[in-house]
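Participant: Would you mind keeping the following structure in view while I ask a few things?
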Amino acid sequence: MTTTAPPPAAPGTTDVSDLERELREAVEGEVGFDDYTRHLFSRDASMYTLMPVAVVYPRSTADVAAAVRIAARHGIPVTARGAGTSLAGQTTGEGLILDLSRHMRQIRSLDPEGRVAVVQPGVVQDDLNRAAAQHGLMFGPDTSTSNRATIGGMIGNNSAGSGSLRYGMTIDHVRSLEVVLADGTVTRLGPLTEEERSTRAQEPGLAGAIHRGLPEIVEAHREAVEEGFPPFWRRACGYRLDRIARAGEDEPFDLAKFVVGNEGTLVIVTEAEVDLVPKPRHTVFAVGHFTSPQKAIEATTDALALDPAQVELMDRTILDLSRSKIEYAGLGQVLVGDPDALLFVSFTGDDLDELTAKVEQVAQVWEEHGHGYATLRLLTPADQKDLLKVRKSSLGLLMAASQGTSRPLAFVEDTAVPPEVLADYTTRFKEILDEEGMTAGFYGHASVGCLHIRPFVDLADPEGVAKMRRVAVRVKDLVREFGGVNSSEHGDGLARSEFNREIFGDDLYEAMREVKALFDPAGTLNPGKIVDAPPMTENLRDAQLPPAPELRTRLDFSVTGGMRGAADRCMNIGLCRKTEVGAMCPSYMATFQEQDSTRGRANALVKALSEADPKAALGDERLHEVLDLCLMCKACKSECPLGVDMAKLKSETLSHHHDLHGVPARSRVFGRIRSLNALGSRMAAVANRAGRVGPGRKAMEKALGIAAERPLPTFHAMNLVRWFGRRSTSAPATPTGTVRFLADSFTSFTEPHIGRAAIELLERAGWEVDLVSSGCCGRSALSKGLVDEAKARAADLVATLADGPADAPVVGCEPSCLFTLRDETLSMLPGDENAASVAGRVRQVEELLGEAIESGALELAPDSWLAGRRILYHGHCHQKAEVGTAATLALLRRIPGAEVVEVDAGCCGMAGSFGYEAEHYEISMQIGEDRLFPAVRAEDERTVICATGTSCREQIFHGTERNAWHPVELVREALVPGGDRSADRGPADERMR
């Protein structure tokens, strides 16, 4: 069924005020015309930038149609966008950007028997797969960006992935599409018999014209259509006129498949009916180790002879980059030796024995033919986890390898040739790079002849740009010589469309231009992509950035080339837009708003720091709206492949905002939390009563913006410092050494029992504990942008910590304080010997306790009340960012008889003061509801909940009414046989079991 719209008026000069008024009246979704919103959508994951007029966030097909009609009347183009992870520049545009990922992300229906799903274009591939997996199904194309790539974007690109040998490309899984045409018409495309096509050709308007005109174009250019396409099947380039040419008795006329890969230049997809495939019960891998990528590629043919699901290549460049990331720390325990390349060969199916035999066959054949020096057999998900995580992150890891102003760029990364000639092709490809003096990492889908090769280029250097174009031309010619394709899964976009006339020939290219004119007479839909494109060297991102204006910063950004360099590390690959896994980025997971992703914030800062007066720009209120929901959880520091440290950037930005606008009273209060908590402890009875009285809480909300709904911590008169000074203890018989124990600003005054448990355990293990309680690390001040105060406090504390045994470990129970000494202090005090010394001695208390148990200095009872219990553990964000949770999990797993499970959740949503702030309270709870609260509620009452962060424990109790223990408390409990409790515990320690 087709709905028609009035024809667009002739294009004219855009009146932005009229355009904005019309859009706001006609569209239910949000509309953004401000400079920051426009800047955030001027880029995708490519090397290009185009500044749009405005951004629209449609809520429905009607919104999309209205936006297209209005844009057509004003004569401005429209570019539809999903996650913005496109590598060829196809989701950048100078008119309206339609962000279909924010609201249009519903799975409309899923029919397990028919193996079909109906989805909106903003549905993320992994979300569809999670829903389908409940029925033993999945969406066949498996992109490496599956945790943020949208189905609409996959349709626009004709995406494929590592499994394309088995499952083909997106075009092979599309049944029908609801689309908006260039005149705002809404129609449905799908397979038609010739009779049905003829009927539709009689419809009025653009839909009828398309059904009439497309066969005519094919007939007029039939010889070119039948002979002009590259012969290799794995194509994501041009318009698929070859599909229409095959329509007849045996194959339907199918416009749905025809527009797959159109990059939004012909239609905008608003709903898709897609096929699902059975999800294999098992996937196993043989991972060959090779001394060079060339030798790995040479082993591909033997692997393909055994009918694998995929064969993937990864070179040393990726492996070396992964070793520097905490997230991939497990890799070193898996690899055999130091390979220059790995080849992943997978087999999928339901018979594990049969698959295992296939893996053995690969290993045997490789050994017989002298391929590689070792082969891993990865038969279970646990075996595969560490290596597959690195393989899926290859793009991000490679992008992190920027060498100064040179970046690994996607301009020849999407070629594919028949696998049987891949080895020779790769040799010739490398010769081109060597002749041009370029380096590149090699990885990709060896099973289908597709390698992702990204040479390093400095786009700010005209000679670098000229060299890039020379390489692109030479590689294009090389691809044609080897019978391959220039675009195999990432599309043409701005990177490759310039060469399409030469690739397809004049006649076929003119046929494609006629197709564009038929579907889009006024050139409204994403012009300049696929046909009539500008040269590939226009609209380059780095070339358009002015030199970074001088800016004095309080924190040290010298390693990243200044503050703008730290923000501009972001290459927009969009990993911060993932949901359901990891910790980055918690606010984006709640809002699905681009500005609430690490990518959005980094791009906003690049804009501000490129202004003539960057200090004034850092005080801009719109910029601070963009940064507002950053929880400073630091997840981006470790999970972002580029290591964009938004917490550090936000602290510096806040300090400049304070310079211009003054420091808010609430920021002063939270920034001096140690003094506040110490006062609360001295006046515990009064402070606790005042914090629980309704009128008092309302007054606090009105005066300081502290949410009345949020429970305040309980202060203890017998705080950790007071307890430590009054207790009696004896020196250990066999001293292990001295440990400097940080009496942090939080647990010391509100949960002193945790510090007591840690100190008792350390002393039992033979450590002499020196409680350092005279200062603050500066964490709270830093989080509120009070950088000068934070620096002064940090300097005092590190001086105290450095004044003692040079080899004494520095430990503590609160990760946010402990790891400030290891990370931010070095940025606050660059070159300070005390800071460097202390940072080098920071260790988790869990590490020391684990070592003590291992050595026998601490003995855990086999019959404690924890035996037979399940422990659900939630790690602190700063801990995950700095060192990971391995040491804590290892300690908990030493408790006899306990089953320890780490909850798969990101930030708890509390993030220090963030969850206390009235305007952030609701989103704080929404973040907790993402995964943490449901995971806790799913546990039975006997499960012990455990968390390392004080904020995490507060949030868990507030959101689920379940008490959470610190790991050291549980180890302390396990020391006592029979479930007896230590007498040295206060009433606040009584917990539900």
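Order determines the names: the first chain of the structure tokens is A, the second B, and so forth; residues in each chain are numbered 1 upward, and ligands are numbered 1 upward as they are shown.
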Might you pull out every residue within 9 Å of Val260 in chain A, with only C-alpha atoms counted and same-chain residues fewer than 6 positions away left off, and present them as a short mmCIF file (atom, residue, chain, number, x, y, z; two decimals) with C-alpha atoms, in the first residue's frame?

Facilitator:
data_model
loop_
_atom_site.label_atom_id
_atom_site.label_comp_id
_atom_site.auth_asym_id
_atom_site.auth_seq_id
_atom_site.Cartn_x
_atom_site.Cartn_y
_atom_site.Cartn_z
CA MET A 154 23.57 -2.57 7.64
CA ILE A 155 20.92 -2.33 4.95
CA GLY A 156 22.34 0.99 3.80
CA ASN A 157 25.83 -0.48 3.49
CA ASN A 158 24.93 -4.05 2.52
CA THR A 170 22.69 -8.27 4.35
CA ILE A 171 21.09 -8.27 0.89
CA VAL A 174 16.07 -8.79 3.51
CA ALA A 236 28.84 -3.41 -1.63
CA TYR A 239 23.39 0.10 -7.53
CA ARG A 240 22.45 -3.55 -7.96
#

Participant: Quick one: everything within 6 Å of range 529-541 of chain A, counting only C-alpha atoms, minus sequence neighbours fewer than 4 positions away in the same chain. Send it as an NGL selection string.

Facilitator: :A and (47-49 or 238 or 492-495 or 497-498)

Participant: Please provide as a ChimeraX atom specification all residues within 12 Å of Phe290 in chain A, with the sequence filter that same-chain residues fewer than 6 positions apart are discarded (counting only C-alpha atoms).

Facilitator: /A:296-300,313-316,335-344,366-367,370-376

Participant: The selected residues should be written to file as an mmCIF file, in the first residue's frame (atoms: N, CA and C atoms).

Facilitator:
data_model
loop_
_atom_site.group_PDB
_atom_site.id
_atom_site.type_symbol
_atom_site.label_atom_id
_atom_site.label_comp_id
_atom_site.auth_asym_id
_atom_site.auth_seq_id
_atom_site.Cartn_x
_atom_site.Cartn_y
_atom_site.Cartn_z
ATOM 1 N N ALA A 296 50.403 -16.690 6.891
ATOM 2 C CA ALA A 296 49.050 -17.002 7.365
ATOM 3 C C ALA A 296 48.076 -17.064 6.190
ATOM 4 N N ILE A 297 48.183 -16.096 5.284
ATOM 5 C CA ILE A 297 47.297 -16.079 4.127
ATOM 6 C C ILE A 297 47.504 -17.320 3.265
ATOM 7 N N GLU A 298 48.756 -17.753 3.152
ATOM 8 C CA GLU A 298 49.046 -18.943 2.352
ATOM 9 C C GLU A 298 48.392 -20.190 2.934
ATOM 10 N N ALA A 299 48.107 -20.179 4.239
ATOM 11 C CA ALA A 299 47.462 -21.332 4.889
ATOM 12 C C ALA A 299 45.946 -21.311 4.735
ATOM 13 N N THR A 300 45.399 -20.230 4.158
ATOM 14 C CA THR A 300 43.949 -20.089 4.043
ATOM 15 C C THR A 300 43.329 -21.160 3.150
ATOM 16 N N LEU A 313 42.021 -13.210 9.569
ATOM 17 C CA LEU A 313 43.432 -12.881 9.748
ATOM 18 C C LEU A 313 43.588 -11.731 10.742
ATOM 19 N N MET A 314 44.627 -11.824 11.567
ATOM 20 C CA MET A 314 44.984 -10.715 12.447
ATOM 21 C C MET A 314 46.505 -10.649 12.514
ATOM 22 N N ASP A 315 47.071 -9.460 12.285
ATOM 23 C CA ASP A 315 48.531 -9.373 12.285
ATOM 24 C C ASP A 315 49.072 -8.835 13.605
ATOM 25 N N ARG A 316 50.396 -8.760 13.691
ATOM 26 C CA ARG A 316 51.069 -8.353 14.924
ATOM 27 C C ARG A 316 50.632 -6.969 15.396
ATOM 28 N N LEU A 335 48.193 -17.009 23.956
ATOM 29 C CA LEU A 335 49.034 -17.163 22.784
ATOM 30 C C LEU A 335 50.227 -18.071 23.034
ATOM 31 N N VAL A 336 50.678 -18.707 21.984
ATOM 32 C CA VAL A 336 51.882 -19.538 22.030
ATOM 33 C C VAL A 336 53.022 -18.734 21.411
ATOM 34 N N GLY A 337 53.999 -18.385 22.202
ATOM 35 C CA GLY A 337 55.110 -17.600 21.688
ATOM 36 C C GLY A 337 54.687 -16.191 21.321
ATOM 37 N N ASP A 338 55.323 -15.658 20.283
ATOM 38 C CA ASP A 338 55.107 -14.268 19.883
ATOM 39 C C ASP A 338 54.818 -14.214 18.380
ATOM 40 N N PRO A 339 53.595 -14.588 17.979
ATOM 41 C CA PRO A 339 53.290 -14.680 16.549
ATOM 42 C C PRO A 339 53.246 -13.324 15.857
ATOM 43 N N ASP A 340 53.601 -13.314 14.578
ATOM 44 C CA ASP A 340 53.443 -12.121 13.759
ATOM 45 C C ASP A 340 52.053 -12.050 13.146
ATOM 46 N N ALA A 341 51.338 -13.175 13.139
ATOM 47 C CA ALA A 341 49.978 -13.201 12.596
ATOM 48 C C ALA A 341 49.246 -14.415 13.142
ATOM 49 N N LEU A 342 47.937 -14.263 13.253
ATOM 50 C CA LEU A 342 47.063 -15.372 13.639
ATOM 51 C C LEU A 342 46.041 -15.593 12.536
ATOM 52 N N LEU A 343 45.637 -16.843 12.384
ATOM 53 C CA LEU A 343 44.551 -17.176 11.462
ATOM 54 C C LEU A 343 43.491 -17.933 12.261
ATOM 55 N N PHE A 344 42.297 -17.325 12.354
ATOM 56 C CA PHE A 344 41.177 -17.917 13.084
ATOM 57 C C PHE A 344 40.329 -18.718 12.096
ATOM 58 N N TRP A 366 47.703 -28.318 8.411
ATOM 59 C CA TRP A 366 48.699 -27.254 8.502
ATOM 60 C C TRP A 366 50.069 -27.811 8.866
ATOM 61 N N GLU A 367 50.082 -28.740 9.807
ATOM 62 C CA GLU A 367 51.367 -29.326 10.202
ATOM 63 C C GLU A 367 51.990 -30.088 9.037
ATOM 64 N N GLY A 370 53.385 -27.644 6.507
ATOM 65 C CA GLY A 370 54.357 -26.678 7.017
ATOM 66 C C GLY A 370 53.816 -25.287 7.225
ATOM 67 N N HIS A 371 52.522 -25.180 7.524
ATOM 68 C CA HIS A 371 51.910 -23.870 7.762
ATOM 69 C C HIS A 371 51.887 -23.565 9.258
ATOM 70 N N GLY A 372 52.568 -22.500 9.657
ATOM 71 C CA GLY A 372 52.512 -22.068 11.049
ATOM 72 C C GLY A 372 53.365 -22.919 11.959
ATOM 73 N N TYR A 373 53.489 -22.448 13.200
ATOM 74 C CA TYR A 373 54.320 -23.167 14.170
ATOM 75 C C TYR A 373 53.522 -23.667 15.372
ATOM 76 N N ALA A 374 52.242 -23.271 15.489
ATOM 77 C CA ALA A 374 51.408 -23.762 16.588
ATOM 78 C C ALA A 374 49.952 -23.528 16.230
ATOM 79 N N THR A 375 49.073 -24.384 16.751
ATOM 80 C CA THR A 375 47.635 -24.222 16.539
ATOM 81 C C THR A 375 46.904 -24.427 17.852
ATOM 82 N N LEU A 376 46.149 -23.403 18.260
ATOM 83 C CA LEU A 376 45.303 -23.531 19.451
ATOM 84 C C LEU A 376 43.986 -24.179 19.063
#

Participant: Return the single residue from A:Ala708, A:Ala45, A:Val365, A:Ala861 that is closest to Phe411 in chain A, with distances computed using only C-alpha atoms.

Facilitator: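 Among the listed residues, A:Ala45 lies closest to Phe411 in chain A.
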
Participant: Wanna dump the range 894-921 of chain A-range 781-793 of chain A contacts at 10 Å for me, each residue with its shortest atom pair and the distance in Å to one decimal, counting only C-alpha atoms, ordered by chain and number, as a Markdown table?

Facilitator:
| residue | atom | partner | partner_atom | distance |
| --- | --- | --- | --- | --- |
| A:Ala911 | CA | A:Ser783 | CA | 9.9 |
| A:Gly912 | CA | A:Ser783 | CA | 8.7 |
| A:Ser913 | CA | A:Ser783 | CA | 8.8 |
| A:Phe914 | CA | A:Ser783 | CA | 9.7 |

Participant: Can you pull out every residue within 7 Å of range 267-275 of chain A, counting only C-alpha atoms, but drop anything in the same chain fewer than 3 positions away, and send it as a list in words?

Facilitator: Thr61, Ala80, Arg115, Val116, Ala117, Val118, Val119, Gln120, Pro121, Gly152, His173, Val174, Arg175, Ser176, Leu177, Glu178, Val179, Val180, Leu181, Ala182 and Gly264 of chain A

Participant: How many Å lie between CA of Arg666 in chain A and CA of Ala699 in chain A, rounded to one decimal?

Facilitator: 13.2 Å

Participant: Please, what distance in Å, to one decimal, runs between CA of Glu195 in chain A and CA of Ala224 in chain A?

Facilitator: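 Result for CA of Glu195 in chain A versus CA of Ala224 in chain A: 26.1 Å, one decimal.
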
Participant: What's the separation between CA of Thr348 in chain A and CA of Thr283 in chain A, in Å to one decimal place?

Facilitator: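 These two atoms are separated by 4.5 Å.
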
Participant: I'd like to know which of A:Arg188, A:His878, A:Arg554, A:Arg148 is closest to Leu821 in chain A, using only C-alpha atoms.

Facilitator: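 Among A:Arg188, A:His878, A:Arg554, A:Arg148, it is A:His878 that comes nearest to Leu821 in chain A.
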
Participant: Hey, what's within 12 Å of Leu306 in chain A if we count only C-alpha atoms and toss same-chain stuff fewer than 6 positions away? As a short mmCIF file (atom, residue, chain, number, x, y, z; two decimals) with N, CA and C atoms, in the first residue's frame, please?

Facilitator:
data_model
loop_
_atom_site.label_atom_id
_atom_site.label_comp_id
_atom_site.auth_asym_id
_atom_site.auth_seq_id
_atom_site.Cartn_x
_atom_site.Cartn_y
_atom_site.Cartn_z
N ALA A 286 40.09 -23.18 15.40
CA ALA A 286 41.51 -23.49 15.31
C ALA A 286 42.22 -22.17 15.06
N THR A 300 45.40 -20.23 4.16
CA THR A 300 43.95 -20.09 4.04
C THR A 300 43.33 -21.16 3.15
N VAL A 345 40.19 -19.99 12.31
CA VAL A 345 39.33 -20.82 11.47
C VAL A 345 38.22 -21.36 12.37
N SER A 346 36.96 -21.04 12.05
CA SER A 346 35.86 -21.49 12.90
C SER A 346 34.98 -22.49 12.16
N PHE A 347 34.38 -23.38 12.94
CA PHE A 347 33.39 -24.33 12.45
C PHE A 347 32.18 -24.22 13.36
N LEU A 355 32.62 -31.16 15.13
CA LEU A 355 33.33 -29.89 15.00
C LEU A 355 34.75 -30.00 15.55
N ALA A 357 36.57 -32.59 15.60
CA ALA A 357 37.35 -33.34 14.62
C ALA A 357 37.82 -32.43 13.48
N LYS A 358 36.96 -31.47 13.11
CA LYS A 358 37.34 -30.52 12.06
C LYS A 358 38.53 -29.66 12.51
N VAL A 359 38.50 -29.23 13.76
CA VAL A 359 39.62 -28.45 14.28
C VAL A 359 40.91 -29.26 14.21
N GLU A 360 40.82 -30.53 14.59
CA GLU A 360 42.00 -31.40 14.54
C GLU A 360 42.49 -31.57 13.11
N GLN A 361 41.55 -31.64 12.16
CA GLN A 361 41.93 -31.77 10.76
C GLN A 361 42.72 -30.55 10.29
N VAL A 362 42.25 -29.36 10.69
CA VAL A 362 42.97 -28.14 10.31
C VAL A 362 44.39 -28.18 10.85
N ALA A 363 44.51 -28.49 12.13
CA ALA A 363 45.83 -28.53 12.75
C ALA A 363 46.73 -29.54 12.05
N GLN A 364 46.16 -30.69 11.71
CA GLN A 364 46.94 -31.75 11.08
C GLN A 364 47.39 -31.35 9.67
N VAL A 365 46.47 -30.79 8.89
CA VAL A 365 46.80 -30.38 7.52
C VAL A 365 47.86 -29.28 7.54
N TRP A 366 47.70 -28.32 8.41
CA TRP A 366 48.70 -27.25 8.50
C TRP A 366 50.07 -27.81 8.87
N SER A 447 38.74 -15.65 4.43
CA SER A 447 37.91 -16.66 3.77
C SER A 447 37.19 -16.13 2.55
#

Participant: As a list in words, please: all residues of range 544-739 of chain A that backbone DSSP puts in strand (DSSP E or B).

Facilitator: Ile706, Gly737, Thr738 and Val739 of chain A

Participant: Can you pull out every residue within 12 Å of Thr800 in chain A, counting only C-alpha atoms, but drop anything in the same chain fewer than 3 positions away, and send it as an NGL selection string?

Facilitator: :A and (740-742 or 770-777 or 793-797 or 803-806 or 810 or 834-835 or 837-838)

Participant: With C-alpha atoms retained, could you export that selection as a tab-separated table (two decimals), in the first residue's frame?

Facilitator:
chain	number	residue	atom	x	y	z
A	740	ARG	CA	50.58	2.25	54.15
A	741	PHE	CA	46.80	2.02	54.51
A	742	LEU	CA	44.82	4.92	53.06
A	770	ASP	CA	50.52	2.39	59.05
A	771	LEU	CA	47.17	4.20	58.80
A	772	VAL	CA	47.53	7.35	56.70
A	773	SER	CA	44.67	9.58	57.75
A	774	SER	CA	45.99	13.09	57.54
A	775	GLY	CA	44.80	14.09	54.11
A	776	CYS	CA	42.70	13.65	50.99
A	777	CYS	CA	43.71	12.39	47.55
A	793	ARG	CA	45.56	18.07	48.60
A	794	ALA	CA	47.18	15.49	46.38
A	795	ALA	CA	50.60	17.08	46.86
A	796	ASP	CA	50.21	16.98	50.65
A	797	LEU	CA	49.03	13.38	50.67
A	803	ASP	CA	57.78	9.89	53.78
A	804	GLY	CA	58.27	6.33	54.94
A	805	PRO	CA	59.61	2.98	53.80
A	806	ALA	CA	60.39	3.28	50.08
A	810	VAL	CA	50.01	1.76	49.44
A	834	ASN	CA	56.67	11.81	45.30
A	835	ALA	CA	53.66	11.33	43.04
A	837	SER	CA	56.89	6.98	43.76
A	838	VAL	CA	53.48	6.60	45.36

Participant: Calculated over only C-alpha atoms, which of the candidates A:Gly153, A:Gly505, A:Gly694, A:Gly875 has the smallest distance to Val225 in chain A?

Facilitator: A:Gly505

Participant: Within 12 Å of Thr524 in chain A, counting only C-alpha atoms, which residues show up once you throw out same-chain ones fewer than 2 positions away? Write them as an NGL selection string, please.

Facilitator: :A and (8-11 or 67-80 or 93-97 or 180-184 or 264-268 or 516-522 or 526-529)

Participant: Okay, now the selection with N, CA and C atoms, as a short mmCIF file (atom, residue, chain, number, x, y, z; two decimals), in the first residue's frame?

Facilitator:
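Generated file (again36.cif):
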data_model
loop_
_atom_site.label_atom_id
_atom_site.label_comp_id
_atom_site.auth_asym_id
_atom_site.auth_seq_id
_atom_site.Cartn_x
_atom_site.Cartn_y
_atom_site.Cartn_z
N PRO A 8 7.25 18.14 -4.19
CA PRO A 8 8.03 19.19 -3.51
C PRO A 8 8.10 20.45 -4.35
N ALA A 9 8.20 21.55 -3.67
CA ALA A 9 8.41 22.81 -4.39
C ALA A 9 9.82 22.84 -4.94
N ALA A 10 10.03 23.74 -5.90
CA ALA A 10 11.38 23.85 -6.47
C ALA A 10 12.35 24.26 -5.38
N PRO A 11 13.54 23.67 -5.37
CA PRO A 11 14.53 24.01 -4.35
C PRO A 11 14.84 25.50 -4.39
N ALA A 67 9.90 15.11 7.60
CA ALA A 67 11.19 15.77 7.47
C ALA A 67 11.66 15.79 6.02
N VAL A 68 11.46 14.68 5.30
CA VAL A 68 11.87 14.62 3.89
C VAL A 68 11.07 15.61 3.06
N ARG A 69 9.75 15.68 3.30
CA ARG A 69 8.92 16.62 2.53
C ARG A 69 9.35 18.07 2.79
N ILE A 70 9.60 18.39 4.04
CA ILE A 70 10.00 19.77 4.37
C ILE A 70 11.36 20.09 3.77
N ALA A 71 12.29 19.14 3.87
CA ALA A 71 13.62 19.37 3.29
C ALA A 71 13.52 19.58 1.78
N ALA A 72 12.67 18.78 1.12
CA ALA A 72 12.51 18.91 -0.33
C ALA A 72 11.97 20.29 -0.69
N ARG A 73 11.02 20.77 0.10
CA ARG A 73 10.46 22.11 -0.17
C ARG A 73 11.53 23.19 -0.04
N HIS A 74 12.44 22.99 0.89
CA HIS A 74 13.49 24.00 1.12
C HIS A 74 14.72 23.75 0.26
N GLY A 75 14.70 22.67 -0.51
CA GLY A 75 15.82 22.41 -1.40
C GLY A 75 17.09 22.00 -0.69
N ILE A 76 16.98 21.32 0.44
CA ILE A 76 18.18 20.86 1.14
C ILE A 76 18.19 19.34 1.20
N PRO A 77 19.35 18.75 1.22
CA PRO A 77 19.44 17.28 1.21
C PRO A 77 19.14 16.68 2.57
N VAL A 78 18.91 15.35 2.57
CA VAL A 78 18.61 14.59 3.78
C VAL A 78 19.53 13.37 3.82
N THR A 79 20.16 13.17 4.95
CA THR A 79 21.02 12.00 5.15
C THR A 79 20.53 11.23 6.36
N ALA A 80 20.14 9.98 6.14
CA ALA A 80 19.71 9.12 7.25
C ALA A 80 20.92 8.45 7.88
N GLY A 93 26.54 14.72 5.86
CA GLY A 93 25.79 15.46 4.84
C GLY A 93 25.60 16.90 5.24
N GLU A 94 25.32 17.74 4.25
CA GLU A 94 25.23 19.19 4.49
C GLU A 94 23.80 19.67 4.72
N GLY A 95 22.84 18.79 4.72
CA GLY A 95 21.46 19.23 4.93
C GLY A 95 20.93 18.78 6.27
N LEU A 96 19.82 18.01 6.24
CA LEU A 96 19.26 17.44 7.46
C LEU A 96 19.89 16.09 7.72
N ILE A 97 20.30 15.85 8.95
CA ILE A 97 20.69 14.51 9.39
C ILE A 97 19.51 13.93 10.16
N VAL A 180 10.65 5.49 2.94
CA VAL A 180 10.20 6.83 2.56
C VAL A 180 10.96 7.21 1.30
N LEU A 181 10.21 7.61 0.26
CA LEU A 181 10.83 8.02 -0.99
C LEU A 181 11.21 9.50 -0.93
N ALA A 182 11.88 9.97 -1.97
CA ALA A 182 12.44 11.32 -1.97
C ALA A 182 11.38 12.41 -1.90
N ASP A 183 10.12 12.10 -2.24
CA ASP A 183 9.06 13.11 -2.17
C ASP A 183 8.25 13.00 -0.88
N GLY A 184 8.71 12.17 0.06
CA GLY A 184 7.98 11.98 1.30
C GLY A 184 6.94 10.89 1.23
N GLY A 264 21.28 5.21 1.50
CA GLY A 264 20.31 6.28 1.72
C GLY A 264 20.20 7.26 0.58
N THR A 265 20.69 6.89 -0.60
CA THR A 265 20.65 7.80 -1.75
C THR A 265 19.39 7.60 -2.59
N LEU A 266 18.68 6.49 -2.39
CA LEU A 266 17.46 6.21 -3.17
C LEU A 266 16.22 6.24 -2.30
N VAL A 267 16.30 5.68 -1.11
CA VAL A 267 15.16 5.61 -0.18
C VAL A 267 15.71 5.70 1.23
N ILE A 268 14.82 5.96 2.18
CA ILE A 268 15.16 5.89 3.60
C ILE A 268 14.33 4.77 4.21
N LYS A 516 19.53 7.02 -9.96
CA LYS A 516 19.48 8.07 -8.94
C LYS A 516 18.44 9.13 -9.32
N ALA A 517 18.43 9.53 -10.57
CA ALA A 517 17.48 10.55 -11.02
C ALA A 517 16.04 10.04 -10.97
N LEU A 518 15.84 8.75 -11.25
CA LEU A 518 14.50 8.17 -11.19
C LEU A 518 13.97 8.17 -9.76
N PHE A 519 14.74 7.70 -8.83
CA PHE A 519 14.32 7.61 -7.44
C PHE A 519 14.30 8.98 -6.76
N ASP A 520 15.18 9.87 -7.16
CA ASP A 520 15.39 11.12 -6.43
C ASP A 520 15.58 12.27 -7.41
N PRO A 521 14.49 12.69 -8.07
CA PRO A 521 14.60 13.70 -9.14
C PRO A 521 15.24 15.00 -8.69
N ALA A 522 15.00 15.42 -7.47
CA ALA A 522 15.53 16.70 -7.01
C ALA A 522 16.86 16.57 -6.29
N ASN A 526 20.81 12.16 0.29
CA ASN A 526 22.24 11.88 0.46
C ASN A 526 23.03 12.01 -0.84
N PRO A 527 23.00 13.16 -1.45
CA PRO A 527 23.68 13.33 -2.74
C PRO A 527 25.19 13.23 -2.60
N GLY A 528 25.84 12.92 -3.73
CA GLY A 528 27.29 12.87 -3.76
C GLY A 528 27.87 11.56 -3.27
N LYS A 529 27.02 10.59 -3.00
CA LYS A 529 27.49 9.27 -2.59
C LYS A 529 27.07 8.29 -3.69
#
